[in-house]
4 protein chains.
Amino acid sequence: MAERPPLRIGLIGTGFMGRAHVFGFAAAAKAFALPYRIELHTVADVSEAAARAAAAQLGFRHATTDWRAMVSDPEIDLVDITAPNALHREMALAAIAAGKHVYCEKPLAPLAAEAREMAEAAAARGVVTQVGFNYLCNPLVNLARQMIADGELGTITTYRGVHAEDYMADPAGPFTFRHDPAGGGAFADIGSHALATAEALLGPITRLMGDCVTVIGTRKDASGAERPVKVDDVGRAFLRFASGASGSIEANWIATGRKMQHDFEVYGTRGALCFSQERFNELHFYSTADAAGRRGFRRIEAGPEHAPYGAFCPAPGHQLGFNELKAIEVAGYLDAIAGKCAEPFGFAAGHRVQTLVECVHASARDGAWVDVPGH
Amino acid sequence: MAERPPLRIGLIGTGFMGRAHVFGFAAAAKAFALPYRIELHTVADVSEAAARAAAAQLGFRHATTDWRAMVSDPEIDLVDITAPNALHREMALAAIAAGKHVYCEKPLAPLAAEAREMAEAAAARGVVTQVGFNYLCNPLVNLARQMIADGELGTITTYRGVHAEDYMADPAGPFTFRHDPAGGGAFADIGSHALATAEALLGPITRLMGDCVTVIGTRKDASGAERPVKVDDVGRAFLRFASGASGSIEANWIATGRKMQHDFEVYGTRGALCFSQERFNELHFYSTADAAGRRGFRRIEAGPEHAPYGAFCPAPGHQLGFNELKAIEVAGYLDAIAGKCAEPFGFAAGHRVQTLVECVHASARDGAWVDVPGH
Amino acid sequence: MAERPPLRIGLIGTGFMGRAHVFGFAAAAKAFALPYRIELHTVADVSEAAARAAAAQLGFRHATTDWRAMVSDPEIDLVDITAPNALHREMALAAIAAGKHVYCEKPLAPLAAEAREMAEAAAARGVVTQVGFNYLCNPLVNLARQMIADGELGTITTYRGVHAEDYMADPAGPFTFRHDPAGGGAFADIGSHALATAEALLGPITRLMGDCVTVIGTRKDASGAERPVKVDDVGRAFLRFASGASGSIEANWIATGRKMQHDFEVYGTRGALCFSQERFNELHFYSTADAAGRRGFRRIEAGPEHAPYGAFCPAPGHQLGFNELKAIEVAGYLDAIAGKCAEPFGFAAGHRVQTLVECVHASARDGAWVDVPGH
Amino acid sequence: MAERPPLRIGLIGTGFMGRAHVFGFAAAAKAFALPYRIELHTVADVSEAAARAAAAQLGFRHATTDWRAMVSDPEIDLVDITAPNALHREMALAAIAAGKHVYCEKPLAPLAAEAREMAEAAAARGVVTQVGFNYLCNPLVNLARQMIADGELGTITTYRGVHAEDYMADPAGPFTFRHDPAGGGAFADIGSHALATAEALLGPITRLMGDCVTVIGTRKDASGAERPVKVDDVGRAFLRFASGASGSIEANWIATGRKMQHDFEVYGTRGALCFSQERFNELHFYSTADAAGRRGFRRIEAGPEHAPYGAFCPAPGHQLGFNELKAIEVAGYLDAIAGKCAEPFGFAAGHRVQTLVECVHASARDGAWVDVPGH
C-alpha cells in the first residue's frame, strides 16, 4: 500500500455522537483501505475540561474551546460537527468558508432553508460533505436497496416505516433544546431517519400528508420553571413515491420500551422485506418464487456476501455493532473526498430530508396533503 | 347442570366462515357451560349439493336452498349469516322481522346507513345480535384491554395498528365481489378489524384522516373481461381517540407474505403492549415498574390466568386455534341471548365500525380530517 | 355422503385429557369426512358427580362410576382411557378382552413389559388401538417428516430434541402419582414425547446413553408427610439412529418458565429444520439451495398446503390450536379402524416408546450405552 | 488523564483473528480509560507480503516474518498469538521466556498437558496472560453471571448449552489442520466455548459424560488426496457441576444454517435465562416473582446499565458488534497487566478448558463418565 496522504480531523463536540464518530474513524482506519491516513488533530468543546479529557481519551493531539480558530486552522482538513443542532449552520458555514470538508451530524439544521444555504455553500466552495444518517450504512439496508432496485420483490406497492424510541417518554423528564421548535421535535429528530430510509429504498417522495401531536404539553427546565412544549412527540405521514408506491411512516420518541425501533416493511408484487434496527444484523425476505408450501419470511443473517460486512469479519453471523455503521459511513465519505465516488449522503441530501420534515410539519399544521418540492 | 333449553341454529352459507361458525358452535358446546343446548337445525346455500354436503359433514338436520323459508321457520331460534356481504342486509332484516336472533359475519353491510337500519330493526324487534369480530375474542386481547383499563400502562399516548394479508397480492387474481365498491375494498374488509380492535382497546375514535389507494387497477372477471377496480387495496388512517391518545392504522390486502398480520402496539406513560395475530397466543408487555437493567418486553404466553383460555385447556402454553376464537365469540353471544350480559359485539357495534370505515373513505376522498359521528 | 355407521365412545376420565379428547372428537366430526358417526355414549369417572357433570357438559348420553361395566357394554365400540397412568393396563386389557377398540393416553403403561402385553393382547384380539402422542399430529411435524424423507435436507447428520415444561418446578409442589416410580418421572412423562418425535422424524434409535437426575429430593404428600422422590426431574440421552445420524434429547419438568418447549432441530447436508411447540404453527427451514446472500431460516406458517390444516381452515396463517391436534389424532385413528390406513400410533408404537424410556433409565442407572432392542 | 505508559504489541498472525484483535485494540483504546497507551509495534506472518500489507492496513510500525526475533525484541511488551493452533505452545513459551505478556487465541494448545506447561511457565515467569474466549466478554453474559451469582434465579437446577456453526457442513469442503487430531475437532474448536461459558455461569464441572461423532469420514486435502478425518464433527456432554446442578452441552460444526449458535438456557427454582449469540445484544429473563398472569420471558436489550456497554454507547438498544467483544477482552486484560484485577481468562483458565475437552474426548472414547481433575 502506497503512502497515503493524511486527513486531519477537527471534531466539535465530545458527547454521544462525538465519541461515536471517533469510534467510526478508528474502526474504519483498520477495516478499510481508506484513501487517507486519518489523523485525529483537534477536538473542540465549550468546556475546556471536556475537550482535554476527550483529547486524552480519544486520541486527539490538541484540545480547544475555540471552534472558530479550529475550523480555520490550516492544519485541519475536515471539520466534524457533533455540537447541538442549533449550532450546525454557523459552524458548517465557517468551515466551508475556510475550505474544509464538513461532516455534520443530522439534522443538518433546524430549517430547510438553512440546510439549503449550507448545501449551496458547500457546492459553491467545492468541499465534500456528509450528514450522519448511519442507519443507511448497514450492509443489510444496502442489500434491501439492491434487491428492490434489481426487482427481486417485483413492483413495490406499499411501505411501512417507523422510528420509535422512548428517550422522551417520561413526562417528568426535563425540557431540553430538543423541545424547542428550533430543535424540531420527534419528527425532525428521528422521523428524519425514517424519511431518509424510505427514500433510500423506494426513491423520491412526491406528496405527503402529515400528523404531528404534542403529548406532554409542559416540561420543567433546569431552573424548575414549567415550559410549554410546542414540538411533536409523535408524528406520522402518509407517503406517495415517484415510483407509484404509497406508504406511511411514524416517528415517536415517547414509545415506552422501544430503544431503537427503526423498522421498515416493503411489499412488492413478488416479495417482501422486513427489517428492524432492534436486530439490525438480520433482514427478513419473502419470495413468491419459493416453492408452494415452503414459502416464508427467511431470516438472512449479515455476512461477507453483504458488503462491506466482510471488511470487519470474514465469517457470517458474528454481527456488526452500531459504531461499525459509523465506520462504514466514514469510509464512504473518505472515498467521496478522494473523488472515488459521489457523496454518499452529503449536505444536499441533508437538505432534502429537512425539506421533507418541513413538509410533514406544514401538512400536519394545515391538515392537507402537500406536494414535496424539488424531487 | 339443569336441562337447558335448545337454541336451534339456521346457518346461511357453507364456505370458510360458515364452517368456522360451526366449529365455533361445536367447541363452545363442549368448552363452556352454555345457557342453551345448541342444535344445528338447518343449513342453507344457493347450491343444493353444497347445502346437503354441508348438512352431512357439519351435522345439520336439514338442508335447504331457500333461506327465506328458513329464516321464518318457527323451529329456528337463531339465524347465522355467512353469505356474501351484499346479502347480509336483506337476510338479517328478514330474520329480525321473524323475531330471530341474528349472528352475522362482518361486515354487517356495505353501507353504514344499511348497518344502522339493521341495528335499529334488531333493537326495535328486541332480538339479540352479534357480528363476527373474532379477533376481539382472544383471551390475550381481552387481557390487553383490561391492562389498559386498569392503568397498568399508565396513560395511553399512542397506538399503531395494522391488518395486512396477501390474498389480493397477485395482480393476476380474478375480479371478485370484494373488488366491487359494494364489497368495500381492503379497509372495509380487514381495516374494519383494525378499527374494531383499536376502539376495543382505547375507546372511541373521535376524528380521523384517511388515505386509500387502489394499486391493481384492473382485474379479469370470470368471463375474462378486464374490469376496473375502484376499491382500495391499501388504506391508512390517522386516529384521535376520545381519551386523548392518537394513533394510526393500516389495512392492506396486497401485503405479499403476510397471512394474518393483525397487529397492534400500544404505548403508555408506564408501559407498552405489542401483539401480533401471527402469534396470537402471546402478548408482549413492557413495564417501567421492572427494575433498572431488567426491563424488557416480556412474552406472556396464554394460559388459564387469561379467561376464557381455561375453558379449553387447564395448562398454559398449549395454545388456542383460530376456530376456538369463534367458540368464545359464540359463548359470549349465547350469554347475551340468555340475558346474562350485554351483546359483546352486536349490530350497533357493527354499525359503528361501518361508520368508521365510511369516515376513512370520505376523509381519503376529500383529503381532509373528519369528525366521527355518534361516538 | 352415505349414511355412516356409528362409533360409540366410552370415555374413562374427565380431567385435562378427557376433555381434550372430547374436544378432539367434536372438532374431528366437523372437520373431517370421518368413516364413522361419533356418538359420545358413556363417560366414566371414580366420582359420580364428576361423571355426571362431564356427561352434561361434554355431551355424553350416560355417566357411570363403573368403568368395568362400561368397557364390556355391547353398546360401546371404542374405549377411550384418560385415567391415571397406573390404571391404563388393567382398563385396556379389559376393553380389549371385550373386543373394543382402545384409545389410550400416553404413556401406555409404566413398564415396557406391560405395554408389550397390551400391544400383544390388542393384536391377538384384532382391535385397533391408538396412543395419544398428539404432537406428532401437527401438520408441520408431518411436513418436517416428509421433507426429511424426501431428502430436502440431504443426508441427516444430527438431531437435537427437547421437551421442557415447568409444572414440577416449584419445590413446594406436592408429591403426586407422577413422583412415584410407577408414574415414571420426567423422561417417562414428557421425554416419551421427545423420543416419539425423534423416531417419527429420523427413524429407529438403535443405541443410546441416558442421564437421569432427581433434583427435588423430597416432596410433601397430601397428609403433609415428607416423601422421597426417586424419579428423574430431568433426563437426557445421546442417540444413535439406524440411519447413521446421531443426536440428543432432554426431558425436563422443572424448566422454570417453559410451558411447552417441545422443540427439535434437524441438520442435514443440504438443509435444516427448527421447530418449537411454543409456536407450533411455524416451521423454520434452511436450504443450501437458496441463492448465496439470500439464505436464512425461513418461517413457514401452517396453511392449507400442509395437510390436514385445510380441513380446519382454507386460509393460511390462521393457526390451529392444541385441541385440533387431538382432532387430527382422532381422525387418523378412525381411518385406521375403518381399515383405510395403518394405525397411526397404536399400542405397538406405545410399547416402543416405553422400551426406549426404559433403555434411558437403564443406561442412566448403569452409566453405559445400551442397545435398543427390537428396532 | 496522566501520561500513560506505552504497551507495545507484537502480533503473530494476520488472519480473521489477527484482524479481530487489532479491531479490539483500536476500539478499546477509544472506549476505555486503559492503563496503557497501546502501540501496534510489529506484526509477524509467515508471508512477508501478508505481514507488510497487514502492517500498512492495520497500523503496525513494523512487519516481520521472524516471530522468534519479534518475541525477544526488547521493544515488545505483549505478544499476541493468532497463528494456527499447533504453533501456540512454541510461540507462547518463547514469549514467556522473554518475559513478555502473552495474549493467545484459543485453544491454548491441542493437549491439556501442553496448556498446563504454558500456564505454569507463565506463572513461574510472572507474566500476565489471556486466552481469547471473547463470548464471555459480552455485557449480557456478564449480567447473566451476576444474576445467577446473586440468586435472582433461585437455586440453579439445569443447564443447556450449545455451540453450533456450519463452517464444516459441506462434505466437499477440504481437509484442513482442524481435521487433524492435533487440531482437535468440533469439541476442541467450539465446544471449548460452550464449556467456558458453562463454567463461567455455573462454576466448576466435576463430572461429565461425552459423546463424539465423526460424520464426514474423509475429506480431500490440497493435493486432492482423500484423507481420513478422525476428529469429531459433533460432540456432546452431560455435565455435573460442583454446585449440584446438571446440564448438557453440544458442539457441532456441521449444523447447516447455523452461523453463531452459541446459546444457553439456565433454569433455577425462581427464574430462568435464555441467550443466543445469534442475537447477543439480548438476554431473556423469566422470573417467578412477576405477578400471576403477567409472567413471561422478557427480552432485556443491552444498555448502559450493563457494564461495560456504556463505554461504547450511552444509549440502550444500539448494539455492540463482535469486534467490540474483543475490545472488552483487551480492556480486561490490560487492567490485569496493570495489576488492577486478576487475569480475566488467563492461561490457567485456558488449561482448564483443555482439560475439560480432553475429559469429553476420553469419556466419549470409553463410553463412561469421568471425574474432571483439578476443579
# chains A, B, ... in the order shown; residues from 1 in each chain; ligands from 1
call {"tool": "interface_residues", "arguments": {"of": "chain D", "to": "chain B", "cutoff": "6 Å", "atoms": "only C-alpha atoms", "output": "ChimeraX atom specification"}}
result
/D:293,295-300,305
call {"tool": "select_by_dssp", "arguments": {"residues": "region 132-265 of chain D", "states": "helix (DSSP H, G or I)", "output": "NGL selection string"}}
result
:D and (134-137 or 139-149 or 177-179 or 185-202)
call {"tool": "write_last_selection", "arguments": {"atoms": "N, CA, C and O atoms", "output": "compact mmCIF listing (two decimals), in the first residue's frame"}}
result
# COMPACT_ATOMS: atom_id res chain seq x y z
N ASN D 134 -13.82 -14.71 23.80
CA ASN D 134 -14.49 -13.42 23.73
C ASN D 134 -15.97 -13.45 24.07
O ASN D 134 -16.53 -12.45 24.50
N TYR D 135 -16.64 -14.59 23.86
CA TYR D 135 -18.08 -14.59 24.14
C TYR D 135 -18.38 -14.28 25.60
O TYR D 135 -19.45 -13.79 25.94
N LEU D 136 -17.42 -14.59 26.45
CA LEU D 136 -17.59 -14.31 27.88
C LEU D 136 -17.55 -12.82 28.18
O LEU D 136 -17.93 -12.40 29.28
N CYS D 137 -17.07 -12.04 27.24
CA CYS D 137 -16.91 -10.60 27.47
C CYS D 137 -18.18 -9.81 27.19
O CYS D 137 -18.23 -8.60 27.43
N PRO D 139 -21.44 -8.00 27.70
CA PRO D 139 -22.06 -7.44 28.91
C PRO D 139 -23.26 -8.24 29.39
O PRO D 139 -23.50 -8.32 30.60
N LEU D 140 -23.99 -8.84 28.48
CA LEU D 140 -25.18 -9.60 28.90
C LEU D 140 -24.82 -10.98 29.45
O LEU D 140 -25.55 -11.52 30.28
N VAL D 141 -23.71 -11.53 29.01
CA VAL D 141 -23.24 -12.77 29.65
C VAL D 141 -22.76 -12.44 31.06
O VAL D 141 -22.99 -13.19 32.01
N ASN D 142 -22.14 -11.31 31.16
CA ASN D 142 -21.73 -10.83 32.48
C ASN D 142 -22.95 -10.61 33.38
O ASN D 142 -22.96 -10.98 34.56
N LEU D 143 -23.98 -10.02 32.81
CA LEU D 143 -25.22 -9.83 33.57
C LEU D 143 -25.78 -11.18 34.02
O LEU D 143 -26.20 -11.36 35.17
N ALA D 144 -25.79 -12.14 33.10
CA ALA D 144 -26.30 -13.47 33.44
C ALA D 144 -25.51 -14.05 34.61
O ALA D 144 -26.08 -14.60 35.56
N ARG D 145 -24.21 -13.93 34.54
CA ARG D 145 -23.36 -14.45 35.62
C ARG D 145 -23.69 -13.79 36.94
O ARG D 145 -23.82 -14.46 37.98
N GLN D 146 -23.88 -12.48 36.91
CA GLN D 146 -24.20 -11.78 38.16
C GLN D 146 -25.57 -12.18 38.69
O GLN D 146 -25.75 -12.38 39.89
N MET D 147 -26.53 -12.29 37.79
CA MET D 147 -27.88 -12.66 38.22
C MET D 147 -27.89 -14.04 38.87
O MET D 147 -28.55 -14.27 39.88
N ILE D 148 -27.14 -14.95 38.26
CA ILE D 148 -27.05 -16.30 38.84
C ILE D 148 -26.35 -16.24 40.20
O ILE D 148 -26.83 -16.81 41.18
N ALA D 149 -25.24 -15.52 40.23
CA ALA D 149 -24.48 -15.45 41.48
C ALA D 149 -25.28 -14.77 42.58
O ALA D 149 -25.18 -15.14 43.77
N PHE D 177 -6.15 -28.18 8.81
CA PHE D 177 -5.47 -28.51 10.08
C PHE D 177 -6.49 -28.79 11.18
O PHE D 177 -6.19 -29.47 12.15
N ARG D 178 -7.69 -28.26 11.04
CA ARG D 178 -8.69 -28.51 12.07
C ARG D 178 -9.20 -29.95 12.05
O ARG D 178 -9.85 -30.39 12.98
N HIS D 179 -8.96 -30.67 10.94
CA HIS D 179 -9.40 -32.05 10.86
C HIS D 179 -8.34 -33.02 11.35
O HIS D 179 -8.56 -34.23 11.38
N GLY D 185 -10.89 -31.02 16.36
CA GLY D 185 -12.28 -31.31 16.07
C GLY D 185 -13.22 -30.28 16.63
O GLY D 185 -12.82 -29.26 17.19
N ALA D 186 -14.51 -30.58 16.45
CA ALA D 186 -15.55 -29.61 16.80
C ALA D 186 -15.55 -29.29 18.29
O ALA D 186 -15.70 -28.13 18.69
N PHE D 187 -15.36 -30.32 19.10
CA PHE D 187 -15.46 -30.03 20.53
C PHE D 187 -14.30 -29.14 20.99
O PHE D 187 -14.49 -28.21 21.78
N ALA D 188 -13.12 -29.42 20.50
CA ALA D 188 -11.98 -28.59 20.88
C ALA D 188 -12.14 -27.18 20.31
O ALA D 188 -11.81 -26.19 20.96
N ASP D 189 -12.66 -27.10 19.10
CA ASP D 189 -12.68 -25.81 18.41
C ASP D 189 -13.79 -24.90 18.97
O ASP D 189 -13.55 -23.73 19.26
N ILE D 190 -14.97 -25.44 19.09
CA ILE D 190 -16.07 -24.58 19.53
C ILE D 190 -16.77 -25.11 20.79
O ILE D 190 -17.36 -24.34 21.52
N GLY D 191 -16.68 -26.40 21.03
CA GLY D 191 -17.17 -26.92 22.30
C GLY D 191 -16.43 -26.27 23.46
O GLY D 191 -16.98 -26.10 24.55
N SER D 192 -15.17 -25.90 23.19
CA SER D 192 -14.41 -25.20 24.23
C SER D 192 -15.11 -23.92 24.64
O SER D 192 -15.14 -23.56 25.83
N HIS D 193 -15.73 -23.22 23.69
CA HIS D 193 -16.51 -22.03 24.05
C HIS D 193 -17.70 -22.41 24.92
O HIS D 193 -18.02 -21.74 25.89
N ALA D 194 -18.36 -23.49 24.52
CA ALA D 194 -19.54 -23.89 25.29
C ALA D 194 -19.15 -24.28 26.72
O ALA D 194 -19.86 -23.97 27.68
N LEU D 195 -18.02 -24.95 26.85
CA LEU D 195 -17.54 -25.33 28.19
C LEU D 195 -17.18 -24.09 29.01
O LEU D 195 -17.51 -23.99 30.19
N ALA D 196 -16.48 -23.17 28.38
CA ALA D 196 -16.07 -21.96 29.10
C ALA D 196 -17.28 -21.17 29.59
O ALA D 196 -17.31 -20.68 30.72
N THR D 197 -18.27 -21.07 28.74
CA THR D 197 -19.47 -20.34 29.14
C THR D 197 -20.20 -21.07 30.28
O THR D 197 -20.66 -20.45 31.24
N ALA D 198 -20.28 -22.38 30.17
CA ALA D 198 -20.96 -23.16 31.21
C ALA D 198 -20.30 -22.93 32.57
O ALA D 198 -20.97 -22.69 33.59
N GLU D 199 -18.96 -23.01 32.61
CA GLU D 199 -18.29 -22.82 33.90
C GLU D 199 -18.33 -21.35 34.35
O GLU D 199 -18.38 -21.07 35.55
N ALA D 200 -18.29 -20.44 33.40
CA ALA D 200 -18.38 -19.02 33.78
C ALA D 200 -19.70 -18.74 34.48
O ALA D 200 -19.75 -17.95 35.43
N LEU D 201 -20.73 -19.40 34.05
CA LEU D 201 -22.06 -19.11 34.61
C LEU D 201 -22.35 -19.93 35.86
O LEU D 201 -22.89 -19.41 36.83
N LEU D 202 -22.01 -21.22 35.83
CA LEU D 202 -22.46 -22.11 36.90
C LEU D 202 -21.33 -22.61 37.79
O LEU D 202 -21.59 -23.34 38.75
call {"tool": "closest_residue", "arguments": {"among": "B:Ile254, B:Ala112, B:Cys274, B:Val128", "to": "Arg352 (chain B)", "atoms": "only C-alpha atoms"}}
result
B:Ala112
call {"tool": "atom_distance", "arguments": {"atom1": "CA of Asp170 (chain A)", "atom2": "CA of Arg160 (chain B)"}}
result
19.5 Å
call {"tool": "select_by_dssp", "arguments": {"residues": "region 74-226 of chain C", "states": "strand (DSSP E or B)", "output": "PyMOL selection string"}}
result
chain C and resi 78-81+101-104+129-131+156-164+205-213+218-220+226
call {"tool": "residues_around", "arguments": {"residues": "Trp67 (chain A)", "least_positions_apart": "4", "cutoff": "12 Å", "atoms": "only C-alpha atoms", "output": "NGL selection string"}}
result
:A and (10-13 or 42-48 or 51 or 62-63 or 71-73 or 76 or 79-83 or 87-88 or 90-92 or 94-95)
call {"tool": "residues_around", "arguments": {"residues": "Arg37 (chain B)", "least_positions_apart": "6", "cutoff": "7 Å", "atoms": "only C-alpha atoms", "output": "PyMOL selection string"}}
result
chain B and resi 4-7
call {"tool": "residues_around", "arguments": {"residues": "Ala348 (chain B)", "least_positions_apart": "5", "cutoff": "12 Å", "atoms": "only C-alpha atoms", "output": "ChimeraX atom specification"}}
result
/B:108-109,112-123,128-131,342-343,353-355,374-375
call {"tool": "write_last_selection", "arguments": {"atoms": "C-alpha atoms", "output": "mmCIF file, in the first residue's frame"}}
result
data_model
loop_
_atom_site.group_PDB
_atom_site.id
_atom_site.type_symbol
_atom_site.label_atom_id
_atom_site.label_comp_id
_atom_site.auth_asym_id
_atom_site.auth_seq_id
_atom_site.Cartn_x
_atom_site.Cartn_y
_atom_site.Cartn_z
ATOM 1 C CA LEU B 108 -72.643 -6.047 8.661
ATOM 2 C CA ALA B 109 -73.404 -4.270 5.373
ATOM 3 C CA ALA B 112 -73.214 2.375 7.277
ATOM 4 C CA ALA B 113 -76.768 3.500 6.636
ATOM 5 C CA GLU B 114 -77.732 -0.088 5.948
ATOM 6 C CA ALA B 115 -75.940 -1.287 9.023
ATOM 7 C CA ARG B 116 -77.783 1.321 11.021
ATOM 8 C CA GLU B 117 -81.078 0.169 9.609
ATOM 9 C CA MET B 118 -80.215 -3.372 10.637
ATOM 10 C CA ALA B 119 -79.171 -2.342 14.136
ATOM 11 C CA GLU B 120 -82.308 -0.282 14.607
ATOM 12 C CA ALA B 121 -84.512 -3.075 13.334
ATOM 13 C CA ALA B 122 -82.916 -5.521 15.762
ATOM 14 C CA ALA B 123 -83.314 -3.131 18.664
ATOM 15 C CA VAL B 128 -80.048 -10.196 20.236
ATOM 16 C CA THR B 129 -77.390 -9.773 17.589
ATOM 17 C CA GLN B 130 -73.759 -10.487 17.023
ATOM 18 C CA VAL B 131 -71.233 -9.522 14.361
ATOM 19 C CA ALA B 342 -74.778 -7.200 27.137
ATOM 20 C CA GLU B 343 -74.217 -8.029 23.488
ATOM 21 C CA VAL B 353 -67.403 0.001 12.558
ATOM 22 C CA GLN B 354 -69.085 0.682 9.219
ATOM 23 C CA THR B 355 -69.423 4.309 10.225
ATOM 24 C CA GLY B 374 -72.008 9.408 17.121
ATOM 25 C CA HIS B 375 -69.300 8.374 19.493
#
call {"tool": "residues_around", "arguments": {"residues": "Arg279 (chain A)", "least_positions_apart": "5", "cutoff": "9 Å", "atoms": "only C-alpha atoms", "output": "list of chain:residue names"}}
result
D:Arg279, D:Asn281, D:Gln319
call {"tool": "atom_distance", "arguments": {"atom1": "CA of Gly268 (chain C)", "atom2": "CA of Ala172 (chain D)"}}
result
13.9 Å
